[in-house]
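So this one's input.pdb, PDB, C-alpha atoms, pLDDT in the B column:
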```
ATOM      1  CA  MET A   1     100.163  95.866 106.875  1.00 47.00           C
ATOM      2  CA  SER A   2      98.796  92.330 107.245  1.00 49.00           C
ATOM      3  CA  ALA A   3      95.201  93.492 106.831  1.00 50.00           C
ATOM      4  CA  VAL A   4      92.731  90.943 105.511  1.00 55.00           C
ATOM      5  CA  ASN A   5      90.927  93.467 103.286  1.00 70.00           C
ATOM      6  CA  LYS A   6      92.450  94.540 100.019  1.00 76.00           C
ATOM      7  CA  VAL A   7      93.657  98.076  99.451  1.00 84.00           C
ATOM      8  CA  ARG A   8      91.138 100.511  97.973  1.00 88.00           C
ATOM      9  CA  ALA A   9      92.327 102.978  95.346  1.00 86.00           C
ATOM     10  CA  HIS A  10      90.147 105.881  96.535  1.00 89.00           C
ATOM     11  CA  GLU A  11      91.737 105.587  99.992  1.00 90.00           C
ATOM     12  CA  LEU A  12      95.220 105.652  98.476  1.00 91.00           C
ATOM     13  CA  VAL A  13      94.622 108.870  96.525  1.00 90.00           C
ATOM     14  CA  THR A  14      94.251 110.894  99.741  1.00 92.00           C
ATOM     15  CA  LYS A  15      97.619 109.676 101.126  1.00 93.00           C
ATOM     16  CA  LYS A  16     100.942 111.407 100.618  1.00 93.00           C
ATOM     17  CA  ARG A  17     103.740 109.914  98.510  1.00 92.00           C
ATOM     18  CA  ASP A  18     105.954 108.880 101.445  1.00 94.00           C
ATOM     19  CA  GLU A  19     103.008 107.135 103.133  1.00 95.00           C
ATOM     20  CA  LEU A  20     102.304 105.266  99.889  1.00 95.00           C
ATOM     21  CA  LEU A  21     105.936 104.181  99.579  1.00 95.00           C
ATOM     22  CA  LYS A  22     105.903 102.990 103.196  1.00 96.00           C
ATOM     23  CA  GLN A  23     102.732 100.980 102.529  1.00 95.00           C
ATOM     24  CA  LEU A  24     104.310  99.583  99.355  1.00 96.00           C
ATOM     25  CA  HIS A  25     107.348  98.430 101.351  1.00 97.00           C
ATOM     26  CA  GLU A  26     105.079  96.745 103.921  1.00 96.00           C
ATOM     27  CA  LEU A  27     103.105  94.981 101.191  1.00 95.00           C
ATOM     28  CA  LYS A  28     106.285  93.731  99.530  1.00 96.00           C
ATOM     29  CA  THR A  29     107.625  92.329 102.798  1.00 96.00           C
ATOM     30  CA  GLU A  30     104.265  90.653 103.415  1.00 94.00           C
ATOM     31  CA  LEU A  31     104.389  89.137  99.933  1.00 94.00           C
ATOM     32  CA  ALA A  32     107.889  87.819 100.612  1.00 94.00           C
ATOM     33  CA  THR A  33     106.754  86.141 103.844  1.00 93.00           C
ATOM     34  CA  LEU A  34     103.737  84.644 102.071  1.00 92.00           C
ATOM     35  CA  ARG A  35     105.990  83.205  99.366  1.00 92.00           C
ATOM     36  CA  VAL A  36     108.243  81.672 102.017  1.00 91.00           C
ATOM     37  CA  GLN A  37     105.171  80.099 103.657  1.00 89.00           C
ATOM     38  CA  LYS A  38     104.114  78.748 100.272  1.00 88.00           C
ATOM     39  CA  ILE A  39     107.443  76.951  99.859  1.00 88.00           C
ATOM     40  CA  THR A  40     107.418  75.612 103.422  1.00 88.00           C
ATOM     41  CA  GLY A  41     103.866  74.301 102.961  1.00 84.00           C
ATOM     42  CA  GLY A  42     101.906  76.931 104.829  1.00 77.00           C
ATOM     43  CA  ASN A  43      98.219  77.405 105.448  1.00 81.00           C
ATOM     44  CA  ALA A  44      95.954  77.410 102.355  1.00 80.00           C
ATOM     45  CA  SER A  45      94.161  80.575 103.503  1.00 79.00           C
ATOM     46  CA  LYS A  46      97.492  82.402 103.592  1.00 81.00           C
ATOM     47  CA  LEU A  47      98.380  81.185 100.106  1.00 83.00           C
ATOM     48  CA  THR A  48      95.192  82.651  98.649  1.00 86.00           C
ATOM     49  CA  ARG A  49      96.267  86.044 100.024  1.00 90.00           C
ATOM     50  CA  ILE A  50      99.246  86.164  97.626  1.00 92.00           C
ATOM     51  CA  SER A  51      97.086  87.311  94.721  1.00 92.00           C
ATOM     52  CA  THR A  52      95.328  90.011  96.783  1.00 93.00           C
ATOM     53  CA  VAL A  53      98.670  91.333  98.050  1.00 94.00           C
ATOM     54  CA  ARG A  54     100.066  91.409  94.502  1.00 95.00           C
ATOM     55  CA  LYS A  55      97.017  93.341  93.307  1.00 94.00           C
ATOM     56  CA  SER A  56      97.329  95.726  96.264  1.00 94.00           C
ATOM     57  CA  ILE A  57     100.970  96.369  95.338  1.00 96.00           C
ATOM     58  CA  ALA A  58      99.830  97.125  91.787  1.00 95.00           C
ATOM     59  CA  ARG A  59      97.196  99.562  93.075  1.00 95.00           C
ATOM     60  CA  VAL A  60      99.710 101.416  95.243  1.00 96.00           C
ATOM     61  CA  LEU A  61     102.200 101.636  92.381  1.00 96.00           C
ATOM     62  CA  THR A  62      99.489 102.893  90.035  1.00 95.00           C
ATOM     63  CA  VAL A  63      98.532 105.687  92.437  1.00 95.00           C
ATOM     64  CA  VAL A  64     102.203 106.612  92.988  1.00 96.00           C
ATOM     65  CA  ASN A  65     102.777 106.811  89.223  1.00 95.00           C
ATOM     66  CA  GLN A  66      99.597 108.852  88.715  1.00 94.00           C
ATOM     67  CA  LYS A  67     100.703 111.330  91.381  1.00 94.00           C
ATOM     68  CA  THR A  68     104.206 111.711  89.924  1.00 94.00           C
ATOM     69  CA  ARG A  69     102.813 112.219  86.422  1.00 93.00           C
ATOM     70  CA  GLN A  70     100.358 114.812  87.760  1.00 93.00           C
ATOM     71  CA  ASN A  71     103.211 116.654  89.494  1.00 93.00           C
ATOM     72  CA  LEU A  72     105.237 116.596  86.278  1.00 93.00           C
ATOM     73  CA  ARG A  73     102.275 117.955  84.332  1.00 93.00           C
ATOM     74  CA  GLU A  74     102.029 120.840  86.822  1.00 94.00           C
ATOM     75  CA  LEU A  75     105.782 121.454  86.513  1.00 93.00           C
ATOM     76  CA  TYR A  76     105.714 121.588  82.696  1.00 93.00           C
ATOM     77  CA  LYS A  77     102.356 123.387  82.467  1.00 92.00           C
ATOM     78  CA  ASN A  78     103.561 126.706  81.037  1.00 91.00           C
ATOM     79  CA  LYS A  79     106.764 125.453  79.405  1.00 92.00           C
ATOM     80  CA  LYS A  80     107.274 125.432  75.655  1.00 92.00           C
ATOM     81  CA  HIS A  81     107.972 121.682  75.288  1.00 92.00           C
ATOM     82  CA  LEU A  82     106.567 118.688  77.134  1.00 91.00           C
ATOM     83  CA  PRO A  83     108.534 115.489  77.746  1.00 91.00           C
ATOM     84  CA  LEU A  84     107.606 112.774  75.252  1.00 90.00           C
ATOM     85  CA  ASP A  85     105.860 110.569  77.806  1.00 88.00           C
ATOM     86  CA  LEU A  86     103.562 113.444  78.853  1.00 90.00           C
ATOM     87  CA  ARG A  87     102.530 114.369  75.310  1.00 89.00           C
ATOM     88  CA  GLN A  88      99.335 113.041  73.777  1.00 89.00           C
ATOM     89  CA  LYS A  89      99.834 109.631  72.206  1.00 92.00           C
ATOM     90  CA  LYS A  90      97.314 109.752  69.327  1.00 93.00           C
ATOM     91  CA  THR A  91      98.613 107.835  66.288  1.00 95.00           C
ATOM     92  CA  ARG A  92     101.932 107.999  64.488  1.00 94.00           C
ATOM     93  CA  ALA A  93     100.272 109.415  61.356  1.00 96.00           C
ATOM     94  CA  ILE A  94      98.577 112.189  63.326  1.00 94.00           C
ATOM     95  CA  ARG A  95     101.846 113.065  65.076  1.00 91.00           C
ATOM     96  CA  ARG A  96     103.645 113.295  61.708  1.00 94.00           C
ATOM     97  CA  ARG A  97     100.904 115.384  60.119  1.00 95.00           C
ATOM     98  CA  LEU A  98     101.436 119.084  59.388  1.00 95.00           C
ATOM     99  CA  THR A  99     100.111 121.540  61.947  1.00 94.00           C
ATOM    100  CA  LYS A 100      97.271 123.899  61.043  1.00 94.00           C
ATOM    101  CA  ASP A 101      99.669 126.834  60.547  1.00 95.00           C
ATOM    102  CA  GLU A 102     101.936 124.752  58.342  1.00 95.00           C
ATOM    103  CA  ARG A 103      98.978 123.636  56.227  1.00 95.00           C
ATOM    104  CA  MET A 104      97.636 127.170  55.791  1.00 95.00           C
ATOM    105  CA  SER A 105     100.979 128.797  54.924  1.00 96.00           C
ATOM    106  CA  THR A 106     101.932 129.280  51.280  1.00 95.00           C
ATOM    107  CA  THR A 107     105.205 129.991  49.552  1.00 96.00           C
ATOM    108  CA  GLU A 108     106.218 133.518  48.594  1.00 97.00           C
ATOM    109  CA  ARG A 109     105.777 132.673  44.908  1.00 97.00           C
ATOM    110  CA  ALA A 110     102.262 131.337  45.460  1.00 96.00           C
ATOM    111  CA  THR A 111     101.206 134.444  47.383  1.00 96.00           C
ATOM    112  CA  LYS A 112     102.532 136.727  44.613  1.00 97.00           C
ATOM    113  CA  LYS A 113     100.725 134.664  41.982  1.00 96.00           C
ATOM    114  CA  ALA A 114      97.471 134.877  43.971  1.00 94.00           C
ATOM    115  CA  ILE A 115      97.814 138.658  44.278  1.00 95.00           C
ATOM    116  CA  HIS A 116      98.727 139.378  40.647  1.00 96.00           C
ATOM    117  CA  PHE A 117      96.481 136.795  38.997  1.00 95.00           C
ATOM    118  CA  PRO A 118      93.309 136.567  41.083  1.00 93.00           C
ATOM    119  CA  LYS A 119      90.680 133.966  40.335  1.00 91.00           C
ATOM    120  CA  ARG A 120      88.359 135.244  37.595  1.00 90.00           C
ATOM    121  CA  ARG A 121      84.737 135.767  38.423  1.00 89.00           C
ATOM    122  CA  TYR A 122      82.032 135.459  35.760  1.00 89.00           C
ATOM    123  CA  ALA A 123      78.502 136.741  36.025  1.00 88.00           C
ATOM    124  CA  ILE A 124      76.038 134.288  34.488  1.00 87.00           C
ATOM    125  CA  LYS A 125      72.938 135.729  32.838  1.00 85.00           C
ATOM    126  CA  ALA A 126      69.794 134.066  34.028  1.00 76.00           C
TER     127      ALA A 126
END
```
Step by step, read the file and then write its structure as C-alpha cells.
Amino acid sequence: MSAVNKVRAHELVTKKRDELLKQLHELKTELATLRVQKITGGNASKLTRISTVRKSIARVLTVVNQKTRQNLRELYKNKKHLPLDLRQKKTRAIRRRLTKDERMSTTERATKKAIHFPKRRYAIKA
C-alpha cells in the first residue's frame, strides 16, 4: 500500500471482499514495519503515519463487516427467524413486551363472557 493519503470509505464500498482483505493485509504489514521503525528510532514523519494507518485498517474492517452483515441480511430475508445479531436492538423492555396479537387476544372464558353479557347501553333523555 504505502500510499501517503488515507483510505476513503466511499472508495472501499465499490471494492470486492477479497480486494478489501488484500488491502487489509497490506495495511497491517505496513503498520508492523512502522512499529519496527518506531522502536529503532525512525523518521518522525513515518511515526505520524501510524495513526493514519490504524484508522485506515479500521475503515477497511468496518466496510468488510458492513458487507458481510448485508449479505447475511439478504440470506435471511424471507426466513422465519433472524440471528440475534441481525435483529433490531431496541431496549430490553421493548423486546420483552407482548406482541400486538398477544395483547389483543383474550381467553376463551373472557370471550364467552363478552358474548353472553354484553356491555349495557343506556339512552339518556335530553
Can you give me, as a CSV table (one decimal) with C-alpha atoms, in the coordinates of the input, the residues this file yields under the PyMOL selection byres ((chain A and resi 13-29) around 8)?
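Dumped to expr_25.csv:
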```
chain,number,residue,atom,x,y,z
A,1,MET,CA,100.2,95.9,106.9
A,2,SER,CA,98.8,92.3,107.2
A,9,ALA,CA,92.3,103.0,95.3
A,10,HIS,CA,90.1,105.9,96.5
A,11,GLU,CA,91.7,105.6,100.0
A,12,LEU,CA,95.2,105.7,98.5
A,30,GLU,CA,104.3,90.7,103.4
A,31,LEU,CA,104.4,89.1,99.9
A,32,ALA,CA,107.9,87.8,100.6
A,33,THR,CA,106.8,86.1,103.8
A,53,VAL,CA,98.7,91.3,98.0
A,56,SER,CA,97.3,95.7,96.3
A,57,ILE,CA,101.0,96.4,95.3
A,60,VAL,CA,99.7,101.4,95.2
A,61,LEU,CA,102.2,101.6,92.4
A,63,VAL,CA,98.5,105.7,92.4
A,64,VAL,CA,102.2,106.6,93.0
A,67,LYS,CA,100.7,111.3,91.4
```
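With CA of Val7 (chain A) on one side and CA of Ser45 (chain A) on the other, the separation reads 18.0 Å.
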One-decimal distance in Å that lies between CA of His81 (chain A) and CA of Thr62 (chain A): 25.3 Å
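CA of Lys89 (chain A) sits 16.4 Å away from CA of Gln70 (chain A).
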With distances taken over all atoms listed in the file, which of A:Asn78, A:Ile39, A:Thr91, A:Ser51 is nearest to Lys6 (chain A)?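 For Lys6 (chain A), the nearest of the candidates is A:Ser51.
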Neighbour list for Pro83 (chain A) as a list in words, cut-off 12 Å, only C-alpha atoms, skip fewer than 6 positions in-chain: Arg69, Leu72, Arg73, Leu75, Tyr76, Lys77 and Lys89 of chain A
Any chance you could work out the axis-aligned box around region 52-65 of chain A, listed atoms only, 8 Å on each side, giving centre and edge lengths in Å to one decimal, as JSON?
```
{"center_x": 99.1, "center_y": 98.4, "center_z": 93.6, "size_x": 23.4, "size_y": 32.8, "size_z": 24.8}
```
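Of the listed residues A:Lys55, A:Gly42, A:Lys119, A:Arg35, the one whose atoms come nearest to Arg8 (chain A) is A:Lys55, with distances taken using all atoms listed in the file.
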